[in-house]
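To start, the structure itself, in structure tokens.
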There are 2 protein chains.
Amino acid sequence: MMQLKARLALELPGINRALVRAVETLPQPVRPVARHIFDAGGKRLRPLLTVMTARLLGYARDDIRDLAVTLEMLHAATLLHDDVLDNAMSRRGKPAAHTLFDVSSVILAGDALLAGANALVAARGDVRLTRCFSEATSRTAAGEILEIAAQRRVDGTNADYEDMVRGKTAWLIRAACEMGALAAGAEDGAVAAAAAYGENLGMAFQMVDDALDFAPESVTGKPTGGDVREGKLTPPLRRYRDGLDEAERAAFDAAFCAGMMTEADAADIAGRIRQQGHDEAVRRQAEEFLDVARRALENLPDRPERELMRQMADYVRDRKK
Amino acid sequence: MMQLKARLALELPGINRALVRAVETLPQPVRPVARHIFDAGGKRLRPLLTVMTARLLGYARDDIRDLAVTLEMLHAATLLHDDVLDNAMSRRGKPAAHTLFDVSSVILAGDALLAGANALVAARGDVRLTRCFSEATSRTAAGEILEIAAQRRVDGTNADYEDMVRGKTAWLIRAACEMGALAAGAEDGAVAAAAAYGENLGMAFQMVDDALDFAPESVTGKPTGGDVREGKLTPPLRRYRDGLDEAERAAFDAAFCAGMMTEADAADIAGRIRQQGHDEAVRRQAEEFLDVARRALENLPDRPERELMRQMADYVRDRKK
């Protein structure tokens with residue numbers, strides 16, 4: 001794990017410089033909004049995966065970073081639109097963009113980030129990259145739409161949840177790995193292995209995120225049980241609901257579906273979820289996706305980056321915020 | 001002109017069928033929003049231009065319509081986001097989408113339309129088409145951002161206005177013609193001529209639109225002087241303002257910049273603009289762009305579609321709504 005952290009620390013400045021260059025390709029008026037969202041932090045997980053996959057498959061040039069940040073731009077675009085949709089007050093511990101800029105600027109900055117990322121990918125002139133990027137854009141939008149459709153409902157199945165997460169989160173992480181492999185000119189088998197690694201890593205990433213939603217705010221820096229209040233029946237919450245007796249469940253459903261859960265309700269439910277171990281159970285469930293991801297790595301070359309990508313799977317499982 | 005109308009009537013059903021097919025590639029939950037915006041009408045100017053340019057340059061296959069509608073999808077995406085931004089109550093005489101669907105669905109439907117259009121273009125596997133489409137997306141977003149930045153201000157120059165219109169409106173019409181030429185495999189000179197025709201047609205289209213904003217509602221079906229109330233200093237309004245004496249102008253600026261113009265103010269100003277002939281003067285100004293567009297046509301083959309595209313320039317100048 002130390003190896004992974006050292007490598008990430010080494011890669012990060014180059015990626016952040018590429019992001020600064022990318023922001024400068026955007027229309028002048030949206031740059032402050034874009035800078036705000038990038039300066040608020042973030043793990044840069046997606047560009048790091050693009051760079052590592054490309055290196056693993058033998059791509060040595062520095063310009064990989066300029067490709068890698070296009071998916072971070074797409075990710076930022078979805079965060080900006082999400083914050084407007086959710087009317088969220090904060091993002092990554094800082095004020096949400098639309099509390100600092102007007103809503104119009106934030107929606108248009110999201111559009112400009114998406115358009116700009118698209119243009120940067122198209123400029124490379126590689127049809128496979130363009131298809132991969134546009135597929136990721138479509139799938140992500142579709143996943144977010146499913147998420148909105150499922151909100152404040154308790155009748156979705158586990159399969160519905162997985163479909164939604166595959167779109168909302170996993171596809172973009174998949175595309176990050178796939179684009180790294182495509183940029184390296186890898187053959188189809190390696191591209192498919194990189195894609196499978198990314199998709200399953202992404203599924204696990206979101207499930208752990210859903211578990212972390214119930215961790216104490218003192219640990220994560222985010223309000224506990226936000227998903228309860230937003231009406232998102234994530235796996236830990238579904239497990240909790242499944243364990244309620246009939247009367248309790250009816251009361252839960254009434255408050256949950258009406259969007260009437262208070263901060264106190266959310267904290268109370270989070271406490272019970274931790275006590276009953278539902279968050280840990282979901283982390284174990286995520287481990288199944290990580291196993292698939294690790295097996296996919298076996299079809300990729302045995303080079304140092306492969307070990308780092310294996311450590312990335314451990315990091316996704318163990319992360320505490 | 002009869003020729004043009006007959007041809008448009010002939011092309012329209014095929015284009016509308018292609019739009020229906022395109023909507024079916026979108027995630028199920030956004031389809032009703034997409035159908036709403038397409039069913040509300042619209043002239044399908046952009047797809048018609050793509051089809052006509054491709055035909056003019058010798059492309060005979062029917063699949064041109066599936067390419068042509070991607071720019072209508074991008075156009076619809078911007079309309080959906082615009083209506084949310086402007087909080088407009090109606091669009092093309094029907095209720096605006098966000099008055100029928102929730103705001104989240106409308107923003108996400110816009111994102112999905114853009115992503116879906118992008119994917120349809122990428123699927124053709126032609127890098128020049130992908131670049132053209134992504135450039136159009138970026139330029140359009142940039143133009144809209146300039147428009148928002150200029151709102152309720154009186155200090156922009158004529159050049160600022162043209163920059164904004166070139167992005168907001170003209171680039172997409174340019175891309176419609178350019179993509180038709182690219183799909184036909186035209187050589188660079190013909191592609192450039194098609195692009196120049198489209199860009200100048202688009203500039204004129206917007207200026208005539210700005211003039212039409214001051215026509216009586218009984219003629220256009222849209223409230224008169226909407227741009228006055230929205231704080232958009234379009235060319236007819238700029239001419240009117242330039243003609244005011246110092247005291248009148250100070251009063252105008254105060255109300256305009258504060259967003260305090262009432263429906264009665266707008267109607268009153270619209271009446272004066274018509275009386276003073278500023279709307280007609282702007283139509284004549286648009287004619288200069290149309291002359292450039294017509295000259296660009298001279299570099300394209302002498303086939304029936306070229307005559308139709310010349311008639312299209314007359315239609316843009318003369319249209320009454």
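We name chains A, B, ... following the order of the structure tokens; residues begin at 1 in each chain, and ligands are numbered from 1 as shown.
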
Check which residues of chain A sit at most 8 Å from chain B using only C-alpha atoms, and return one row each with the closest pair of atoms and their distance in Å to one decimal, ordered by chain and rising number, as CSV.
residue,atom,partner,partner_atom,distance
A:Leu26,CA,B:Ala142,CA,7.9
A:Pro27,CA,B:Ala142,CA,5.4
A:Pro29,CA,B:Ile145,CA,6.8
A:Val30,CA,B:Ile145,CA,7.4
A:His81,CA,B:Ile107,CA,7.7
A:Leu85,CA,B:Ser104,CA,5.3
A:Val103,CA,B:Leu85,CA,7.5
A:Ser104,CA,B:Leu85,CA,5.3
A:Ser105,CA,B:Ile145,CA,7.3
A:Ile107,CA,B:His81,CA,7.7
A:Leu108,CA,B:Ile145,CA,6.6
A:Asp111,CA,B:Ala141,CA,6.5
A:Ala112,CA,B:Ala141,CA,5.5
A:Ala115,CA,B:Ser138,CA,4.8
A:Gly116,CA,B:Ser138,CA,5.8
A:Asn118,CA,B:Ser134,CA,5.9
A:Ala119,CA,B:Ser134,CA,5.0
A:Ala122,CA,B:Arg131,CA,5.2
A:Ala123,CA,B:Arg131,CA,6.4
A:Gly125,CA,B:Val127,CA,5.5
A:Asp126,CA,B:Val127,CA,6.9
A:Val127,CA,B:Gly125,CA,5.5
A:Arg128,CA,B:Gly125,CA,8.0
A:Thr130,CA,B:Ala122,CA,6.1
A:Arg131,CA,B:Ala122,CA,5.2
A:Ser134,CA,B:Ala119,CA,5.0
A:Glu135,CA,B:Ala119,CA,6.0
A:Thr137,CA,B:Ala115,CA,5.4
A:Ser138,CA,B:Ala115,CA,4.8
A:Ala141,CA,B:Ala112,CA,5.5
A:Ala142,CA,B:Pro27,CA,5.4
A:Glu144,CA,B:Leu108,CA,7.7
A:Ile145,CA,B:Leu108,CA,6.6
A:Leu146,CA,B:Pro29,CA,7.3
A:Ile148,CA,B:Ser104,CA,7.8
A:Ala149,CA,B:Pro29,CA,7.5

Item to check | Surrounding residues of A:Met203 excluding itself and chain neighbours under 3 positions, 6 Å, only C-alpha atoms, as a PyMOL selection string | outcome: chain A and resi 170+200+206

Output for the residues just chosen: C-alpha atoms as a CSV table (one decimal), in the first residue's frame:
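Ended up saving to out.csv:
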chain,number,residue,atom,x,y,z
A,170,ALA,CA,-18.7,2.3,-12.5
A,200,ASN,CA,-15.7,-4.0,-11.0
A,206,GLN,CA,-19.7,2.9,-4.9

Item to check | Distance criterion (only C-alpha atoms): nearest to A:Pro216 out of A:Ala40, A:Leu56, A:Leu67, A:Ala267 | outcome: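 The answer is A:Ala267, which sits nearest to A:Pro216.
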
Next on the checklist: Let's see if you can do this: from backbone DSSP, list all strand (DSSP E or B) residues in stretch 45-279 of chain A, as a list in words.
Outcome noted: Ser90, Arg91, Lys94 and Pro95 of chain A

Keeping only all heavy atoms, write the selected residues as an mmCIF file, in the first residue's frame.
data_model
loop_
_atom_site.group_PDB
_atom_site.id
_atom_site.type_symbol
_atom_site.label_atom_id
_atom_site.label_comp_id
_atom_site.auth_asym_id
_atom_site.auth_seq_id
_atom_site.Cartn_x
_atom_site.Cartn_y
_atom_site.Cartn_z
ATOM 1 N N SER A 90 -22.873 21.648 0.324
ATOM 2 C CA SER A 90 -21.418 21.522 0.326
ATOM 3 C C SER A 90 -20.995 20.321 -0.497
ATOM 4 O O SER A 90 -21.790 19.433 -0.802
ATOM 5 C CB SER A 90 -20.883 21.380 1.754
ATOM 6 O OG SER A 90 -21.323 20.159 2.309
ATOM 7 N N ARG A 91 -19.743 20.338 -0.892
ATOM 8 C CA ARG A 91 -19.153 19.284 -1.719
ATOM 9 C C ARG A 91 -17.707 19.174 -1.281
ATOM 10 O O ARG A 91 -17.006 20.186 -1.263
ATOM 11 C CB ARG A 91 -19.272 19.705 -3.190
ATOM 12 C CG ARG A 91 -18.340 19.042 -4.173
ATOM 13 C CD ARG A 91 -18.710 17.617 -4.518
ATOM 14 N NE ARG A 91 -20.019 17.472 -5.121
ATOM 15 C CZ ARG A 91 -20.613 16.267 -5.275
ATOM 16 N NH1 ARG A 91 -19.995 15.156 -4.905
ATOM 17 N NH2 ARG A 91 -21.820 16.183 -5.807
ATOM 18 N N LYS A 94 -16.352 21.741 1.112
ATOM 19 C CA LYS A 94 -16.350 23.171 0.760
ATOM 20 C C LYS A 94 -17.746 23.541 0.259
ATOM 21 O O LYS A 94 -18.525 22.670 -0.111
ATOM 22 C CB LYS A 94 -15.323 23.431 -0.344
ATOM 23 C CG LYS A 94 -13.913 23.035 0.072
ATOM 24 C CD LYS A 94 -12.897 23.965 -0.541
ATOM 25 C CE LYS A 94 -11.503 23.597 -0.058
ATOM 26 N NZ LYS A 94 -10.471 24.377 -0.727
ATOM 27 N N PRO A 95 -18.056 24.845 0.241
ATOM 28 C CA PRO A 95 -19.392 25.227 -0.234
ATOM 29 C C PRO A 95 -19.621 24.731 -1.659
ATOM 30 O O PRO A 95 -18.708 24.793 -2.492
ATOM 31 C CB PRO A 95 -19.341 26.760 -0.217
ATOM 32 C CG PRO A 95 -18.167 27.135 0.612
ATOM 33 C CD PRO A 95 -17.217 25.993 0.602
#

Checklist entry - Can you list, as a count of residues only, every protein, DNA or RNA residue that comes within 12 Å of B:Asp291 when you count only C-alpha atoms, leaving out same-chain residues fewer than 3 positions away? => result 22

Checklist entry - Which of these, B:Ile273, B:Val23, B:Val292, B:Val106, has the shortest distance to B:Ala211 once you count only C-alpha atoms? => result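 Checking each candidate against B:Ala211, we get B:Ile273 as the closest.
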
Post-fit chain B coords, all in-order Cα pairs vs chain A, as a CSV table (one decimal) with C-alpha atoms, in the first residue's frame:
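Ended up saving to superposed_14.csv:
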chain,number,residue,atom,x,y,z
B,1,MET,CA,0.0,0.0,0.0
B,2,MET,CA,2.9,2.3,0.7
B,3,GLN,CA,4.0,1.7,-2.9
B,4,LEU,CA,0.6,2.8,-4.2
B,5,LYS,CA,0.6,6.0,-2.0
B,6,ALA,CA,4.1,6.9,-3.1
B,7,ARG,CA,3.2,6.4,-6.8
B,8,LEU,CA,0.0,8.5,-6.4
B,9,ALA,CA,2.0,11.3,-4.7
B,10,LEU,CA,4.4,11.2,-7.6
B,11,GLU,CA,1.7,11.3,-10.3
B,12,LEU,CA,-0.6,13.8,-8.8
B,13,PRO,CA,1.3,17.1,-9.6
B,14,GLY,CA,1.5,16.2,-13.3
B,15,ILE,CA,-2.2,15.4,-13.3
B,16,ASN,CA,-3.1,18.6,-11.6
B,17,ARG,CA,-1.0,20.6,-14.1
B,18,ALA,CA,-2.9,18.8,-16.9
B,19,LEU,CA,-6.1,19.9,-15.3
B,20,VAL,CA,-5.0,23.5,-15.1
B,21,ARG,CA,-4.1,23.3,-18.9
B,22,ALA,CA,-7.5,21.7,-19.6
B,23,VAL,CA,-9.4,24.5,-17.7
B,24,GLU,CA,-7.6,27.0,-19.9
B,25,THR,CA,-9.2,25.5,-23.0
B,26,LEU,CA,-12.6,26.4,-21.6
B,27,PRO,CA,-14.5,29.7,-22.2
B,28,GLN,CA,-13.1,32.3,-19.9
B,29,PRO,CA,-16.3,33.0,-17.8
B,30,VAL,CA,-16.7,29.3,-16.7
B,31,ARG,CA,-13.1,28.9,-15.6
B,32,PRO,CA,-13.7,30.1,-12.0
B,33,VAL,CA,-16.4,27.6,-11.6
B,34,ALA,CA,-14.3,24.8,-13.0
B,35,ARG,CA,-11.3,25.8,-10.8
B,36,HIS,CA,-13.6,25.9,-7.8
B,37,ILE,CA,-14.6,22.3,-8.3
B,38,PHE,CA,-11.1,21.1,-9.0
B,39,ASP,CA,-9.5,23.1,-6.2
B,40,ALA,CA,-12.1,21.5,-3.7
B,41,GLY,CA,-10.0,18.4,-4.0
B,42,GLY,CA,-10.9,14.9,-4.9
B,43,LYS,CA,-8.8,11.8,-5.2
B,44,ARG,CA,-8.2,12.1,-9.0
B,45,LEU,CA,-8.9,8.4,-9.0
B,46,ARG,CA,-10.0,8.3,-12.7
B,47,PRO,CA,-7.0,10.1,-14.2
B,48,LEU,CA,-4.6,8.1,-12.0
B,49,LEU,CA,-6.2,4.9,-13.4
B,50,THR,CA,-5.8,6.1,-17.0
B,51,VAL,CA,-2.2,6.9,-16.5
B,52,MET,CA,-1.4,3.6,-14.6
B,53,THR,CA,-3.2,1.5,-17.2
B,54,ALA,CA,-1.4,3.2,-20.1
B,55,ARG,CA,1.9,2.8,-18.3
B,56,LEU,CA,1.2,-0.9,-17.6
B,57,LEU,CA,0.6,-1.5,-21.3
B,58,GLY,CA,3.7,0.3,-22.3
B,59,TYR,CA,2.7,3.9,-23.2
B,60,ALA,CA,5.6,6.2,-22.1
B,61,ARG,CA,4.7,9.7,-23.3
B,62,ASP,CA,3.7,12.5,-20.9
B,63,ASP,CA,0.6,13.5,-23.0
B,64,ILE,CA,-1.3,10.6,-21.5
B,65,ARG,CA,-2.1,13.1,-18.6
B,66,ASP,CA,-4.0,15.4,-21.0
B,67,LEU,CA,-6.1,12.5,-22.0
B,68,ALA,CA,-6.5,11.3,-18.4
B,69,VAL,CA,-8.0,14.5,-17.2
B,70,THR,CA,-10.9,14.4,-19.7
B,71,LEU,CA,-12.7,11.9,-17.5
B,72,GLU,CA,-12.1,14.0,-14.4
B,73,MET,CA,-13.7,16.9,-16.4
B,74,LEU,CA,-16.7,14.7,-17.2
B,75,HIS,CA,-16.8,13.7,-13.5
B,76,ALA,CA,-16.7,17.3,-12.4
B,77,ALA,CA,-19.5,18.2,-14.9
B,78,THR,CA,-21.7,15.6,-13.3
B,79,LEU,CA,-20.9,16.8,-9.8
B,80,LEU,CA,-21.8,20.4,-10.7
B,81,HIS,CA,-25.1,19.3,-12.2
B,82,ASP,CA,-25.8,16.9,-9.3
B,83,ASP,CA,-25.2,19.6,-6.7
B,84,VAL,CA,-27.8,21.8,-8.5
B,85,LEU,CA,-30.2,18.9,-8.7
B,86,ASP,CA,-29.8,17.9,-5.0
B,87,ASN,CA,-29.6,21.5,-3.9
B,88,ALA,CA,-26.6,20.3,-1.9
B,89,MET,CA,-24.9,23.0,0.3
B,90,SER,CA,-21.5,21.5,0.3
B,91,ARG,CA,-19.2,19.3,-1.7
B,92,ARG,CA,-16.0,17.7,-0.5
B,93,GLY,CA,-16.3,19.8,2.7
B,94,LYS,CA,-16.4,23.1,0.7
B,95,PRO,CA,-19.4,25.2,-0.2
B,96,ALA,CA,-21.2,23.8,-3.3
B,97,ALA,CA,-20.5,25.8,-6.5
B,98,HIS,CA,-24.1,27.0,-6.8
B,99,THR,CA,-23.9,28.6,-3.4
B,100,LEU,CA,-21.0,30.7,-4.6
B,101,PHE,CA,-21.9,31.2,-8.3
B,102,ASP,CA,-25.4,31.5,-9.7
B,103,VAL,CA,-27.2,28.4,-10.8
B,104,SER,CA,-27.0,29.4,-14.5
B,105,SER,CA,-23.2,29.6,-14.4
B,106,VAL,CA,-23.0,26.2,-12.7
B,107,ILE,CA,-25.2,24.4,-15.2
B,108,LEU,CA,-23.4,26.0,-18.1
B,109,ALA,CA,-20.0,25.3,-16.5
B,110,GLY,CA,-21.0,21.7,-16.4
B,111,ASP,CA,-22.0,21.8,-20.1
B,112,ALA,CA,-18.8,23.5,-21.0
B,113,LEU,CA,-16.7,21.0,-19.1
B,114,LEU,CA,-18.4,18.1,-20.9
B,115,ALA,CA,-18.1,19.8,-24.2
B,116,GLY,CA,-14.5,20.8,-23.6
B,117,ALA,CA,-13.5,17.3,-22.5
B,118,ASN,CA,-15.2,15.9,-25.6
B,119,ALA,CA,-13.3,18.3,-27.8
B,120,LEU,CA,-10.0,17.3,-26.2
B,121,VAL,CA,-10.7,13.6,-26.8
B,122,ALA,CA,-11.9,14.3,-30.3
B,123,ALA,CA,-8.7,16.3,-31.0
B,124,ARG,CA,-6.6,13.1,-30.6
B,125,GLY,CA,-8.2,11.7,-33.7
B,126,ASP,CA,-8.7,8.2,-32.4
B,127,VAL,CA,-12.1,6.8,-33.1
B,128,ARG,CA,-11.9,4.1,-30.4
B,129,LEU,CA,-11.1,6.8,-27.7
B,130,THR,CA,-14.0,9.0,-28.9
B,131,ARG,CA,-16.4,6.1,-28.8
B,132,CYS,CA,-15.3,5.0,-25.4
B,133,PHE,CA,-15.6,8.6,-24.0
B,134,SER,CA,-19.0,9.2,-25.5
B,135,GLU,CA,-20.3,5.8,-24.3
B,136,ALA,CA,-19.1,6.8,-20.8
B,137,THR,CA,-21.0,10.1,-21.1
B,138,SER,CA,-24.2,8.3,-22.1
B,139,ARG,CA,-23.9,5.6,-19.5
B,140,THR,CA,-23.2,8.1,-16.7
B,141,ALA,CA,-26.2,10.2,-17.7
B,142,ALA,CA,-28.4,7.1,-17.9
B,143,GLY,CA,-27.3,6.0,-14.4
B,144,GLU,CA,-28.0,9.3,-12.9
B,145,ILE,CA,-31.4,9.3,-14.4
B,146,LEU,CA,-32.1,5.9,-12.9
B,147,GLU,CA,-30.9,7.2,-9.5
B,148,ILE,CA,-33.4,10.1,-9.7
B,149,ALA,CA,-36.1,7.7,-10.7
B,150,ALA,CA,-35.4,5.5,-7.7
B,151,GLN,CA,-35.3,8.2,-5.2
B,152,ARG,CA,-37.7,8.0,-2.2
B,153,ARG,CA,-38.9,4.6,-3.4
B,154,VAL,CA,-38.5,1.3,-1.6
B,155,ASP,CA,-39.6,-1.0,-4.4
B,156,GLY,CA,-36.4,-1.2,-6.4
B,157,THR,CA,-34.6,-4.5,-6.6
B,158,ASN,CA,-30.9,-5.2,-5.9
B,159,ALA,CA,-30.5,-5.7,-9.7
B,160,ASP,CA,-32.0,-2.2,-10.2
B,161,TYR,CA,-29.4,-0.8,-7.8
B,162,GLU,CA,-26.5,-2.5,-9.6
B,163,ASP,CA,-27.7,-1.2,-13.0
B,164,MET,CA,-27.9,2.3,-11.6
B,165,VAL,CA,-24.4,2.1,-10.0
B,166,ARG,CA,-22.9,0.5,-13.1
B,167,GLY,CA,-24.0,3.7,-15.0
B,168,LYS,CA,-23.7,6.4,-12.4
B,169,THR,CA,-20.2,5.4,-11.1
B,170,ALA,CA,-18.7,2.3,-12.5
B,171,TRP,CA,-18.8,3.1,-16.2
B,172,LEU,CA,-16.6,6.2,-15.9
B,173,ILE,CA,-14.0,4.3,-13.9
B,174,ARG,CA,-14.2,1.5,-16.5
B,175,ALA,CA,-13.7,4.1,-19.2
B,176,ALA,CA,-10.7,5.5,-17.4
B,177,CYS,CA,-8.9,2.1,-17.5
B,178,GLU,CA,-10.2,1.4,-21.1
B,179,MET,CA,-8.9,4.7,-22.4
B,180,GLY,CA,-5.5,4.1,-20.9
B,181,ALA,CA,-5.3,0.7,-22.6
B,182,LEU,CA,-6.6,2.2,-25.9
B,183,ALA,CA,-4.1,5.0,-25.8
B,184,ALA,CA,-1.3,2.4,-25.3
B,185,GLY,CA,-2.5,0.7,-28.5
B,186,ALA,CA,-3.2,-2.5,-26.5
B,187,GLU,CA,-4.8,-5.5,-28.3
B,188,ASP,CA,-8.5,-6.3,-27.7
B,189,GLY,CA,-8.0,-8.8,-24.9
B,190,ALA,CA,-6.0,-6.4,-22.8
B,191,VAL,CA,-8.5,-3.6,-23.5
B,192,ALA,CA,-11.3,-5.9,-22.3
B,193,ALA,CA,-9.3,-6.9,-19.2
B,194,ALA,CA,-8.6,-3.2,-18.3
B,195,ALA,CA,-12.3,-2.4,-18.8
B,196,ALA,CA,-13.4,-5.4,-16.6
B,197,TYR,CA,-11.0,-4.3,-13.9
B,198,GLY,CA,-12.3,-0.7,-14.0
B,199,GLU,CA,-16.0,-1.6,-14.0
B,200,ASN,CA,-15.7,-4.0,-11.1
B,201,LEU,CA,-13.5,-1.6,-9.2
B,202,GLY,CA,-16.1,1.1,-9.8
B,203,MET,CA,-19.0,-1.1,-8.5
B,204,ALA,CA,-17.0,-1.8,-5.3
B,205,PHE,CA,-16.0,1.9,-5.0
B,206,GLN,CA,-19.7,3.0,-5.0
B,207,MET,CA,-20.8,0.2,-2.5
B,208,VAL,CA,-18.0,1.2,-0.1
B,209,ASP,CA,-19.1,4.8,-0.6
B,210,ASP,CA,-22.7,3.8,0.3
B,211,ALA,CA,-21.3,2.1,3.5
B,212,LEU,CA,-19.2,5.2,4.4
B,213,ASP,CA,-22.4,7.3,4.3
B,214,PHE,CA,-23.2,5.8,7.6
B,215,ALA,CA,-19.8,6.3,9.2
B,216,PRO,CA,-19.6,9.1,11.9
B,217,GLU,CA,-19.1,12.6,10.5
B,218,SER,CA,-16.0,12.9,12.8
B,219,VAL,CA,-14.4,10.2,10.6
B,220,THR,CA,-15.6,11.2,7.1
B,221,GLY,CA,-16.1,14.9,7.3
B,222,LYS,CA,-19.5,14.4,5.7
B,223,PRO,CA,-22.9,14.5,7.5
B,224,THR,CA,-23.9,11.0,8.6
B,225,GLY,CA,-26.8,9.2,6.8
B,226,GLY,CA,-27.2,11.8,4.0
B,227,ASP,CA,-28.6,9.0,1.8
B,228,VAL,CA,-31.4,8.4,4.3
B,229,ARG,CA,-32.5,12.1,4.0
B,230,GLU,CA,-32.1,12.1,0.2
B,231,GLY,CA,-34.2,9.0,-0.1
B,232,LYS,CA,-31.6,6.7,-1.5
B,233,LEU,CA,-32.2,3.1,-0.6
B,234,THR,CA,-28.5,2.0,-0.8
B,235,PRO,CA,-27.5,-1.6,0.2
B,236,PRO,CA,-26.8,-0.9,3.9
B,237,LEU,CA,-30.1,0.9,4.3
B,238,ARG,CA,-31.9,-1.8,2.4
B,239,ARG,CA,-30.4,-4.4,4.9
B,240,TYR,CA,-31.5,-2.3,7.8
B,241,ARG,CA,-35.1,-1.9,6.4
B,242,ASP,CA,-35.3,-5.7,5.7
B,243,GLY,CA,-34.6,-6.3,9.4
B,244,LEU,CA,-37.5,-4.1,10.6
B,245,ASP,CA,-40.7,-5.6,11.8
B,246,GLU,CA,-43.9,-4.8,9.9
B,247,ALA,CA,-45.0,-1.8,11.9
B,248,GLU,CA,-41.5,-0.3,12.0
B,249,ARG,CA,-41.1,-0.8,8.3
B,250,ALA,CA,-44.4,0.9,7.5
B,251,ALA,CA,-43.2,3.9,9.6
B,252,PHE,CA,-39.8,3.9,7.9
B,253,ASP,CA,-41.4,3.7,4.4
B,254,ALA,CA,-43.8,6.6,5.2
B,255,ALA,CA,-41.1,9.0,6.3
B,256,PHE,CA,-38.6,7.8,3.7
B,257,CYS,CA,-40.9,8.0,0.7
B,258,ALA,CA,-42.3,11.4,1.8
B,259,GLY,CA,-38.8,12.8,2.2
B,260,MET,CA,-39.6,13.5,5.9
B,261,MET,CA,-36.4,12.0,7.4
B,262,THR,CA,-34.7,14.5,9.8
B,263,GLU,CA,-31.1,14.8,10.6
B,264,ALA,CA,-31.8,13.1,13.9
B,265,ASP,CA,-33.6,10.2,12.2
B,266,ALA,CA,-30.6,9.8,9.8
B,267,ALA,CA,-28.1,9.8,12.7
B,268,ASP,CA,-30.2,7.3,14.6
B,269,ILE,CA,-30.5,5.0,11.7
B,270,ALA,CA,-26.8,5.3,10.9
B,271,GLY,CA,-26.0,4.3,14.5
B,272,ARG,CA,-28.2,1.2,14.2
B,273,ILE,CA,-26.7,0.3,10.8
B,274,ARG,CA,-23.2,0.4,12.3
B,275,GLN,CA,-24.4,-1.5,15.4
B,276,GLN,CA,-26.0,-4.2,13.3
B,277,GLY,CA,-22.9,-4.4,11.1
B,278,HIS,CA,-24.8,-3.7,7.8
B,279,ASP,CA,-22.0,-1.3,6.6
B,280,GLU,CA,-19.4,-4.0,7.2
B,281,ALA,CA,-21.6,-6.5,5.4
B,282,VAL,CA,-21.8,-4.2,2.4
B,283,ARG,CA,-18.0,-3.9,2.4
B,284,ARG,CA,-17.8,-7.7,2.2
B,285,GLN,CA,-20.3,-7.6,-0.6
B,286,ALA,CA,-18.0,-5.1,-2.4
B,287,GLU,CA,-15.2,-7.6,-2.0
B,288,GLU,CA,-16.9,-9.9,-4.5
B,289,PHE,CA,-16.6,-7.2,-7.2
B,290,LEU,CA,-13.0,-6.6,-6.2
B,291,ASP,CA,-12.2,-10.3,-6.6
B,292,VAL,CA,-13.5,-10.0,-10.2
B,293,ALA,CA,-11.4,-6.9,-10.7
B,294,ARG,CA,-8.2,-8.7,-9.4
B,295,ARG,CA,-8.8,-11.7,-11.6
B,296,ALA,CA,-9.1,-9.3,-14.6
B,297,LEU,CA,-5.6,-8.0,-13.8
B,298,GLU,CA,-4.2,-11.5,-14.4
B,299,ASN,CA,-4.8,-11.0,-18.1
B,300,LEU,CA,-2.6,-7.9,-18.1
B,301,PRO,CA,1.2,-7.8,-18.2
B,302,ASP,CA,3.2,-8.6,-15.0
B,303,ARG,CA,4.7,-5.1,-14.5
B,304,PRO,CA,4.9,-2.9,-11.4
B,305,GLU,CA,1.7,-1.0,-12.3
B,306,ARG,CA,-0.3,-4.2,-12.1
B,307,GLU,CA,0.7,-4.6,-8.5
B,308,LEU,CA,-0.3,-1.0,-7.9
B,309,MET,CA,-3.6,-1.6,-9.4
B,310,ARG,CA,-4.0,-4.6,-7.1
B,311,GLN,CA,-3.2,-2.4,-4.2
B,312,MET,CA,-5.8,0.1,-5.5
B,313,ALA,CA,-8.5,-2.6,-5.0
B,314,ASP,CA,-7.4,-3.0,-1.4
B,315,TYR,CA,-7.5,0.7,-1.0
B,316,VAL,CA,-11.1,0.8,-2.3
B,317,ARG,CA,-12.1,-1.9,0.1
B,318,ASP,CA,-10.4,-0.3,3.2
B,319,ARG,CA,-10.8,3.4,2.7
B,320,LYS,CA,-12.2,5.2,5.7
B,321,LYS,CA,-13.4,8.4,3.9

Checklist entry - DSSP on the backbone: what in stretch 39-84 of chain A comes out helix (DSSP H, G or I), as a PyMOL selection string? => result chain A and resi 39+45-56+64-84
